[in-house]
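Below is the file data_4.cif, which contains mmCIF, C-alpha atoms and all ligand atoms.
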```cif
data_input
loop_
_atom_site.label_atom_id
_atom_site.label_comp_id
_atom_site.auth_asym_id
_atom_site.auth_seq_id
_atom_site.Cartn_x
_atom_site.Cartn_y
_atom_site.Cartn_z
CA MET B 1449 0.00 0.00 0.00
CA LEU B 1450 1.39 3.44 -0.88
CA SER B 1451 1.88 5.58 2.21
CA TRP B 1452 1.08 8.89 0.48
CA VAL B 1453 -2.47 7.90 -0.42
CA VAL B 1454 -4.97 9.29 2.09
CA TYR B 1455 -8.02 7.07 2.53
CA MET B 1456 -11.32 8.33 3.84
CA ALA B 1457 -13.17 5.87 6.12
CA ARG B 1458 -16.32 6.22 4.05
CA LEU B 1459 -16.54 7.91 0.71
CA ASN B 1460 -19.39 9.16 -1.37
CA PHE B 1461 -19.52 7.99 -4.91
CA LEU B 1462 -22.42 9.31 -7.01
CA ASN B 1463 -25.37 8.51 -4.74
CA ILE B 1464 -23.89 5.81 -2.51
CA SER B 1465 -21.38 5.68 0.34
CA ILE B 1466 -18.61 3.13 0.14
CA ASP B 1467 -16.97 1.74 3.26
CA ASN B 1468 -13.29 2.12 2.62
CA LEU B 1469 -12.17 -0.97 4.48
CA SER B 1470 -9.52 -3.54 3.75
CA SER B 1471 -10.88 -7.05 3.38
CA MET B 1472 -9.27 -8.04 6.69
CA GLU B 1473 -10.95 -5.15 8.52
CA LEU B 1474 -14.29 -6.09 7.00
CA LEU B 1475 -13.90 -9.77 7.92
CA GLN B 1476 -13.09 -8.84 11.51
CA GLN B 1477 -15.99 -6.39 11.78
CA LEU B 1478 -18.40 -9.03 10.52
CA GLN B 1479 -17.79 -10.87 13.78
CA SER B 1480 -20.51 -8.55 15.12
CA GLY B 1481 -22.78 -9.20 12.15
CA GLY B 1482 -24.00 -6.99 9.35
CA THR B 1483 -25.39 -6.80 5.85
CA VAL B 1484 -22.93 -6.48 3.01
CA TYR B 1485 -23.69 -5.20 -0.50
CA THR B 1486 -21.06 -4.98 -3.18
CA PRO B 1487 -21.69 -2.09 -5.59
CA ASN B 1488 -20.43 -2.30 -9.14
CA VAL B 1489 -21.12 -0.32 -12.32
CA TYR B 1490 -24.47 -2.02 -12.90
CA HIS B 1491 -25.61 -1.27 -9.33
CA LEU B 1492 -24.60 2.39 -9.64
CA LEU B 1493 -26.59 2.80 -12.84
CA ARG B 1494 -29.58 1.07 -11.35
CA LEU B 1495 -29.34 3.32 -8.29
CA GLN B 1496 -30.01 6.32 -10.54
CA ARG B 1497 -33.47 5.06 -11.52
CA ASP B 1498 -34.70 2.48 -9.01
CA ARG B 1499 -35.93 4.23 -5.86
CA ASP B 1500 -36.56 0.96 -3.97
CA PHE B 1501 -33.04 -0.24 -4.67
CA TYR B 1502 -31.70 3.13 -3.52
CA GLN B 1503 -33.57 2.91 -0.24
CA VAL B 1504 -32.52 -0.70 0.27
CA TYR B 1505 -28.91 0.35 -0.26
CA LYS B 1506 -29.23 3.01 2.43
CA GLN B 1507 -30.03 0.26 4.94
CA ALA B 1508 -26.82 -1.71 4.29
CA ASP B 1509 -24.29 -1.95 7.09
CA TYR B 1510 -21.43 -2.27 4.62
CA CYS B 1511 -21.07 -1.22 0.98
CA ILE B 1512 -17.78 -2.34 -0.47
CA CYS B 1513 -16.34 -1.94 -3.95
CA ASP B 1514 -16.99 -4.95 -6.19
CA SER B 1515 -15.42 -3.60 -9.31
CA GLN B 1516 -11.91 -2.81 -10.47
CA ILE B 1517 -13.39 -0.22 -12.82
CA LEU B 1518 -14.91 1.63 -9.83
CA TRP B 1519 -11.60 1.30 -8.02
CA ILE B 1520 -9.80 2.97 -10.95
CA VAL B 1521 -12.46 5.67 -11.33
CA SER B 1522 -12.29 6.45 -7.60
CA ARG B 1523 -8.62 7.29 -8.09
CA LEU B 1524 -9.35 9.48 -11.10
CA LEU B 1525 -11.89 11.34 -8.96
CA GLY B 1526 -9.35 11.84 -6.16
CA ARG B 1527 -11.34 9.74 -3.67
CA PRO B 1528 -9.37 6.51 -3.67
CA ILE B 1529 -11.06 3.28 -2.69
CA ARG B 1530 -8.58 1.28 -0.66
CA GLU B 1531 -9.32 -2.18 -1.97
CA LYS B 1532 -11.59 -3.86 -4.46
CA ILE B 1533 -13.43 -6.58 -2.53
CA SER B 1534 -15.74 -8.37 -4.92
CA GLY B 1535 -18.50 -10.58 -3.56
CA SER B 1536 -16.88 -13.59 -5.17
CA ASP B 1537 -13.59 -12.86 -3.33
CA LEU B 1538 -15.27 -11.87 -0.08
CA PHE B 1539 -17.29 -15.06 0.24
CA PRO B 1540 -14.36 -17.54 0.17
CA ALA B 1541 -12.31 -15.13 2.30
CA PHE B 1542 -15.19 -15.11 4.78
CA TYR B 1543 -15.55 -18.87 5.11
CA ASN B 1544 -11.80 -19.35 5.31
CA HIS B 1545 -11.51 -16.66 7.99
CA TYR B 1546 -14.26 -18.26 10.08
CA LYS B 1547 -13.51 -21.90 9.32
CA ASN B 1548 -12.73 -22.69 12.97
CA ASP B 1549 -15.62 -20.70 14.39
CA GLU B 1550 -18.33 -23.25 15.12
CA THR B 1551 -20.96 -20.53 15.47
CA VAL B 1552 -20.59 -19.72 11.77
CA LYS B 1553 -23.11 -21.76 9.80
CA ILE B 1554 -23.84 -20.74 6.23
CA PHE B 1555 -26.99 -21.06 4.16
CA LEU B 1556 -26.66 -20.61 0.38
CA LEU B 1557 -29.73 -19.13 -1.28
CA GLY B 1558 -29.79 -18.87 -5.07
CA ALA B 1559 -28.36 -20.25 -8.32
CA ALA B 1560 -29.94 -22.96 -10.45
CA GLU B 1561 -31.21 -26.26 -9.09
CA GLY B 1562 -28.34 -28.44 -7.86
CA VAL B 1563 -25.68 -25.71 -8.07
CA GLY B 1564 -26.03 -24.69 -4.41
CA GLU B 1565 -25.66 -28.34 -3.32
CA GLU B 1566 -22.54 -28.69 -5.45
CA ALA B 1567 -21.09 -25.49 -3.94
CA LYS B 1568 -21.96 -26.78 -0.48
CA SER B 1569 -20.12 -30.05 -0.94
CA GLN B 1570 -17.08 -28.34 -2.50
CA ILE B 1571 -16.79 -25.83 0.35
CA ASN B 1572 -17.40 -28.35 3.12
CA GLN B 1573 -14.90 -30.72 1.62
CA LYS B 1574 -12.31 -27.95 1.32
CA LEU B 1575 -12.81 -26.88 4.95
CA GLN B 1576 -13.29 -30.41 6.28
CA ARG B 1577 -16.31 -29.16 8.16
CA GLU B 1578 -20.07 -28.75 7.58
CA ILE B 1579 -19.81 -24.96 7.52
CA VAL B 1580 -22.50 -24.77 4.81
CA VAL B 1581 -25.53 -26.22 6.53
CA ASP B 1582 -28.12 -26.01 3.78
CA THR B 1583 -28.94 -24.55 0.37
CA TYR B 1584 -31.98 -23.64 -1.65
CA SER B 1585 -32.51 -22.70 -5.30
CA PRO B 1586 -35.78 -20.81 -5.47
CA PRO B 1587 -37.91 -21.24 -8.59
CA TYR B 1588 -38.25 -18.47 -11.15
CA GLY B 1589 -40.56 -15.68 -9.93
CA PHE B 1590 -40.45 -16.88 -6.29
CA GLU B 1591 -40.18 -13.31 -4.99
CA ASP B 1592 -43.80 -12.64 -5.95
CA ASP B 1593 -45.09 -15.79 -4.29
CA PRO B 1594 -45.71 -15.18 -0.56
CA GLU B 1595 -46.07 -18.89 0.18
CA GLU B 1596 -42.73 -19.66 -1.42
CA CYS B 1597 -41.08 -16.77 0.46
CA GLU B 1598 -42.55 -18.05 3.72
CA GLN B 1599 -41.11 -21.52 3.02
CA ILE B 1600 -37.69 -20.04 2.36
CA LEU B 1601 -37.74 -18.20 5.69
CA GLN B 1602 -38.80 -21.41 7.43
CA LYS B 1603 -36.02 -23.36 5.74
CA VAL B 1604 -33.33 -20.84 6.68
CA ASN B 1605 -34.59 -20.56 10.26
CA ASP B 1606 -34.79 -24.36 10.63
CA SER B 1607 -31.25 -24.78 9.32
CA GLY B 1608 -29.73 -22.91 12.28
CA ALA B 1609 -27.75 -20.76 9.85
CA THR B 1610 -26.06 -17.65 11.22
CA VAL B 1611 -24.88 -16.45 7.80
CA LEU B 1612 -27.06 -16.13 4.73
CA ALA B 1613 -25.26 -15.84 1.39
CA VAL B 1614 -27.75 -14.73 -1.26
CA GLY B 1615 -26.89 -15.20 -4.93
CA LEU B 1616 -29.92 -14.02 -6.86
CA GLY B 1617 -28.33 -11.22 -8.89
CA ALA B 1618 -28.92 -7.51 -8.29
CA PRO B 1619 -31.24 -5.90 -7.37
CA LYS B 1620 -33.27 -9.00 -6.44
CA GLN B 1621 -30.86 -10.23 -3.78
CA GLU B 1622 -30.50 -6.87 -1.99
CA LYS B 1623 -34.26 -6.27 -2.05
CA TRP B 1624 -34.92 -9.79 -0.79
CA ILE B 1625 -32.48 -9.38 2.09
CA ASP B 1626 -33.92 -6.01 3.04
CA ARG B 1627 -37.49 -7.26 3.01
CA ASN B 1628 -36.80 -10.46 4.93
CA ARG B 1629 -33.94 -9.96 7.34
CA ALA B 1630 -36.21 -9.05 10.25
CA HIS B 1631 -37.83 -12.49 9.89
CA LEU B 1632 -34.52 -14.32 10.22
CA PRO B 1633 -33.55 -13.79 13.86
CA GLY B 1634 -30.74 -16.35 13.85
CA VAL B 1635 -28.92 -14.82 10.90
CA LYS B 1636 -26.27 -12.29 11.87
CA VAL B 1637 -24.49 -11.82 8.55
CA PHE B 1638 -26.16 -11.27 5.19
CA LEU B 1639 -23.96 -11.34 2.12
CA ALA B 1640 -25.30 -10.43 -1.34
CA ILE B 1641 -22.96 -12.38 -3.57
CA GLY B 1642 -24.32 -12.44 -7.15
CA ALA B 1643 -22.98 -15.31 -9.20
CA THR B 1644 -20.59 -16.53 -6.48
CA ILE B 1645 -22.54 -19.74 -5.81
CA ASP B 1646 -21.94 -20.65 -9.48
CA PHE B 1647 -18.23 -19.92 -9.08
CA GLU B 1648 -17.99 -21.96 -5.87
CA ALA B 1649 -19.68 -24.91 -7.55
CA GLY B 1650 -17.26 -24.64 -10.47
CA ASN B 1651 -20.31 -24.20 -12.67
CA VAL B 1652 -19.07 -20.94 -14.20
CA PRO B 1653 -15.29 -20.40 -14.23
CA ARG B 1654 -13.95 -17.14 -12.78
CA SER B 1655 -11.60 -14.97 -14.80
CA PRO B 1656 -7.85 -15.40 -14.30
CA ARG B 1657 -6.58 -13.20 -11.44
CA TRP B 1658 -4.58 -10.95 -13.85
CA MET B 1659 -7.76 -10.04 -15.72
CA SER B 1660 -9.63 -9.03 -12.58
CA THR B 1661 -6.59 -7.02 -11.36
CA LEU B 1662 -6.61 -5.05 -14.62
CA GLY B 1663 -10.35 -4.43 -14.38
CA LEU B 1664 -11.05 -6.85 -17.22
CA GLU B 1665 -13.16 -9.46 -15.42
CA TRP B 1666 -16.16 -8.19 -17.37
CA ILE B 1667 -14.56 -9.34 -20.66
CA HIS B 1668 -14.20 -12.83 -19.25
CA ARG B 1669 -17.79 -12.83 -18.02
CA ILE B 1670 -19.06 -11.68 -21.44
CA VAL B 1671 -17.16 -14.51 -23.12
CA MET B 1672 -18.71 -16.97 -20.64
CA GLU B 1673 -22.28 -15.63 -20.92
CA PRO B 1674 -22.34 -13.50 -24.10
CA ARG B 1675 -26.10 -13.27 -24.58
CA ARG B 1676 -27.02 -12.21 -21.06
CA LEU B 1677 -24.02 -10.13 -20.02
CA GLY B 1678 -22.91 -8.70 -23.40
CA LYS B 1679 -26.08 -6.66 -23.62
CA ARG B 1680 -25.84 -5.55 -19.99
CA TYR B 1681 -22.24 -4.32 -20.24
CA PHE B 1682 -22.77 -2.71 -23.63
CA ASN B 1683 -25.79 -0.77 -22.36
CA ASP B 1684 -23.96 0.28 -19.20
CA ALA B 1685 -20.77 1.68 -20.70
CA LEU B 1686 -21.83 5.08 -22.05
CA PRO B 1687 -24.21 6.08 -19.24
CA PHE B 1688 -21.51 5.21 -16.72
CA VAL B 1689 -18.88 7.32 -18.49
CA TRP B 1690 -21.36 10.19 -18.51
CA LEU B 1691 -22.09 9.81 -14.79
CA VAL B 1692 -18.39 9.80 -13.94
CA LEU B 1693 -17.81 12.89 -16.08
CA ALA B 1694 -20.73 14.64 -14.42
CA GLU B 1695 -19.31 13.75 -10.99
CA ARG B 1696 -15.85 14.95 -12.01
CA LEU B 1697 -17.23 18.26 -13.28
CA GLY B 1698 -19.44 18.77 -10.24
CA LEU B 1699 -22.59 18.44 -12.34
CA TYR B 1700 -23.93 15.23 -10.82
CA ARG B 1701 -27.23 15.46 -8.93
CA ASP B 1702 -28.62 12.53 -6.94
CA PRO B 1703 -32.08 11.86 -8.41
CA PHE B 1704 -33.27 10.74 -4.97
CA ARG B 1705 -31.59 13.39 -2.84
CA ASP B 1706 -34.92 14.37 -1.26
CA ASP B 1707 -35.39 10.78 -0.07
CA GLN B 1708 -31.98 10.94 1.52
CA VAL B 1709 -33.07 13.85 3.69
CA SER B 1710 -36.16 11.98 4.85
CA LEU B 1711 -34.21 8.75 5.42
CA THR B 1712 -31.56 10.43 7.58
CA SER B 1713 -34.09 12.41 9.55
CA ARG B 1714 -35.94 9.25 10.65
N1 LIG B 1801 -30.48 -16.22 -9.84
C1 LIG B 1801 -31.36 -17.00 -9.12
N2 LIG B 1801 -32.68 -16.72 -9.15
C2 LIG B 1801 -33.18 -15.67 -9.83
C3 LIG B 1801 -32.29 -14.85 -10.56
C4 LIG B 1801 -30.94 -15.16 -10.55
O1 LIG B 1801 -30.94 -17.94 -8.44
O2 LIG B 1801 -34.39 -15.46 -9.81
C5 LIG B 1801 -29.04 -16.52 -9.79
C6 LIG B 1801 -28.42 -17.02 -11.08
O3 LIG B 1801 -28.63 -18.41 -11.20
C7 LIG B 1801 -26.96 -16.66 -10.86
C8 LIG B 1801 -27.08 -15.35 -10.09
O4 LIG B 1801 -28.36 -15.31 -9.53
O5 LIG B 1801 -26.34 -17.63 -10.04
C9 LIG B 1801 -26.99 -14.16 -11.03
O6 LIG B 1801 -25.89 -13.58 -10.87
P1 LIG B 1801 -25.48 -12.31 -11.74
O7 LIG B 1801 -24.47 -12.74 -12.71
O8 LIG B 1801 -26.67 -11.57 -12.23
O9 LIG B 1801 -24.93 -11.50 -10.56
P2 LIG B 1801 -23.73 -10.54 -10.49
O10 LIG B 1801 -22.58 -11.37 -10.03
O11 LIG B 1801 -23.55 -9.94 -11.85
O12 LIG B 1801 -24.27 -9.59 -9.46
#
```
Written form, structure tokens:
Amino acid sequence: MLSWVVYMARLNFLNISIDNLSSMELLQQLQSGGTVYTPNVYHLLRLQRDRDFYQVYKQADYCICDSQILWIVSRLLGRPIREKISGSDLFPAFYNHYKNDETVKIFLLGAAEGVGEEAKSQINQKLQREIVVDTYSPPYGFEDDPEECEQILQKVNDSGATVLAVGLGAPKQEKWIDRNRAHLPGVKVFLAIGATIDFEAGNVPRSPRWMSTLGLEWIHRIVMEPRRLGKRYFNDALPFVWLVLAERLGLYRDPFRDDQVSLTSR
């Protein structure tokens, strides 16, 4: 780490605040529990037009930087993010950090049928311990089915899990956590981890480390899932460049700034 870089503890980036923690600091702080969201370019764009997502984000205990592109842009803007901690790096770092802590019991929610079970057996085998206690792959459209949601809560509560790792993609996973965390009294840590369950199962390969260090993980992901992600990244590029320019020139205005006043004055 370069000694002349001054890091703010929390920094504002467009309309979110990022916790400027190292991964070790975050892992240690999670001992006391918390909800972790991992903003990337797609989240930031969505946060400009999805009021619910914006309000959900305001309730997070930790927002950490998921994206090397954001990390680079933060430096260009003179507000350097200390470390990129993507959900897919945080999750294995988390279970390795807590592998000897018997109170840590993980439930994996998300990914296609069978993928969660595969991830569970890979992780438990690696750690030589049943740290992942259960998994569930909800059917398509489950979030609009109250009965299904009730069953999920029951399943997580019955499992004795203290950590819920939710891989449903954004913004579904963050909204689901926000709506349901009060009904999961045993869960202390909520991690929104996107496609990480797929990575843990070996279902979708992660990019080589050098690509993610250079901010090129998105190229690898497009090659892996061209139809779904190609369109997403293509559509995101120009609006994101514009937002960054606006921020740099002091022209950016938070579309939900009035909500922020009412949220903080609660
Ligand atoms: N997913 C799911 N149920 C849904 C929608 C998505 O289980 O209703 C899973 C999907 O199988 C994949 C992950 O959510 O494992 C999507 O991850 P995505 O690539 O969108 O997340 P990112 O890492 O980009 O946030």
> stretch 1537-1551 of chain B: which residues within 10 Å, counting only C-alpha atoms, same-chain residues fewer than 3 positions away excluded, as a ChimeraX atom specification?
Replying inline: /B:1471-1472,1474-1476,1478-1479,1484,1486,1512,1514,1532-1534,1554,1571-1572,1574-1580,1608-1611,1613,1639-1641,1644-1645,1648
Do you know which residues are within 6 Å of ligand LIG 1801 (chain B) using only C-alpha atoms and all ligand atoms? Can you write them as a PDB file with C-alpha atoms, in the frame of the given file?
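And here's selection-v1.pdb as it stands now:
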```pdb
ATOM      1  CA  GLY B1558     -29.790 -18.870  -5.070  1.00  0.00           C
ATOM      2  CA  ALA B1559     -28.360 -20.250  -8.320  1.00  0.00           C
ATOM      3  CA  ALA B1560     -29.940 -22.960 -10.450  1.00  0.00           C
ATOM      4  CA  SER B1585     -32.510 -22.700  -5.300  1.00  0.00           C
ATOM      5  CA  TYR B1588     -38.250 -18.470 -11.150  1.00  0.00           C
ATOM      6  CA  GLY B1615     -26.890 -15.200  -4.930  1.00  0.00           C
ATOM      7  CA  LEU B1616     -29.920 -14.020  -6.860  1.00  0.00           C
ATOM      8  CA  GLY B1617     -28.330 -11.220  -8.890  1.00  0.00           C
ATOM      9  CA  ALA B1618     -28.920  -7.510  -8.290  1.00  0.00           C
ATOM     10  CA  GLY B1642     -24.320 -12.440  -7.150  1.00  0.00           C
ATOM     11  CA  ALA B1643     -22.980 -15.310  -9.200  1.00  0.00           C
ATOM     12  CA  ASP B1646     -21.940 -20.650  -9.480  1.00  0.00           C
TER      13      ASP B1646
END
```
>> Given only C-alpha atoms as the basis, pick out the residue of B:Glu1561, B:Asp1582, B:Glu1673, B:Glu1591 nearest to B:Pro1619.
In response: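 The shortest atom-to-atom distance to B:Pro1619 comes from B:Glu1591.
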> Which one of B:Leu1662, B:Val1521, B:Ile1625, B:Leu1459 sits closest to B:Tyr1505 if you count all atoms listed in the file?
Replying inline: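 Looking at the shortest contact to B:Tyr1505, the residue is B:Ile1625.
Across B:Asn1463, B:Asp1500, B:Leu1525, B:Ser1607, the tightest approach to B:Leu1693 is made by B:Leu1525 when counting only C-alpha atoms.
Distance-wise, atom CA of B:Gln1516 and atom CA of B:Thr1661 end up 6.8 Å apart.
The two atoms in question, atom CA of B:Gly1564 and atom CA of B:Thr1583, are spaced 5.6 Å apart.
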>> So that I can check the surroundings of B:Arg1696, please list as a PyMOL selection string every protein, DNA and RNA residue that reaches within 9 Å of it, counting all atoms listed in the file and ignoring chain neighbours fewer than 4 positions away.
In response: chain B and resi 1524-1525+1691-1692+1700
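The space between atom CA of B:Leu1469 and atom CA of B:Arg1530 spans 6.7 Å.
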B:Glu1665 environment, 9 Å, only C-alpha atoms, sequence neighbours closer than 5 positions dropped, as a PDB file with C-alpha atoms, in the coordinates of the input:
```
ATOM      1  CA  SER B1515     -15.420  -3.600  -9.310  1.00  0.00           C
ATOM      2  CA  GLN B1516     -11.910  -2.810 -10.470  1.00  0.00           C
ATOM      3  CA  ARG B1654     -13.950 -17.140 -12.780  1.00  0.00           C
ATOM      4  CA  SER B1655     -11.600 -14.970 -14.800  1.00  0.00           C
ATOM      5  CA  PRO B1656      -7.850 -15.400 -14.300  1.00  0.00           C
ATOM      6  CA  ARG B1657      -6.580 -13.200 -11.440  1.00  0.00           C
ATOM      7  CA  TRP B1658      -4.580 -10.950 -13.850  1.00  0.00           C
ATOM      8  CA  MET B1659      -7.760 -10.040 -15.720  1.00  0.00           C
ATOM      9  CA  SER B1660      -9.630  -9.030 -12.580  1.00  0.00           C
ATOM     10  CA  ILE B1670     -19.060 -11.680 -21.440  1.00  0.00           C
TER      11      ILE B1670
END
```
>> List the spatial neighbours of B:Asp1509 as a VMD selection string - criterion: any atom at most 10 Å away, all atoms listed in the file, same-chain residues fewer than 4 positions off excluded.
In response: chain B and resid 1467 1478 1481 to 1485 1505 1637 to 1638
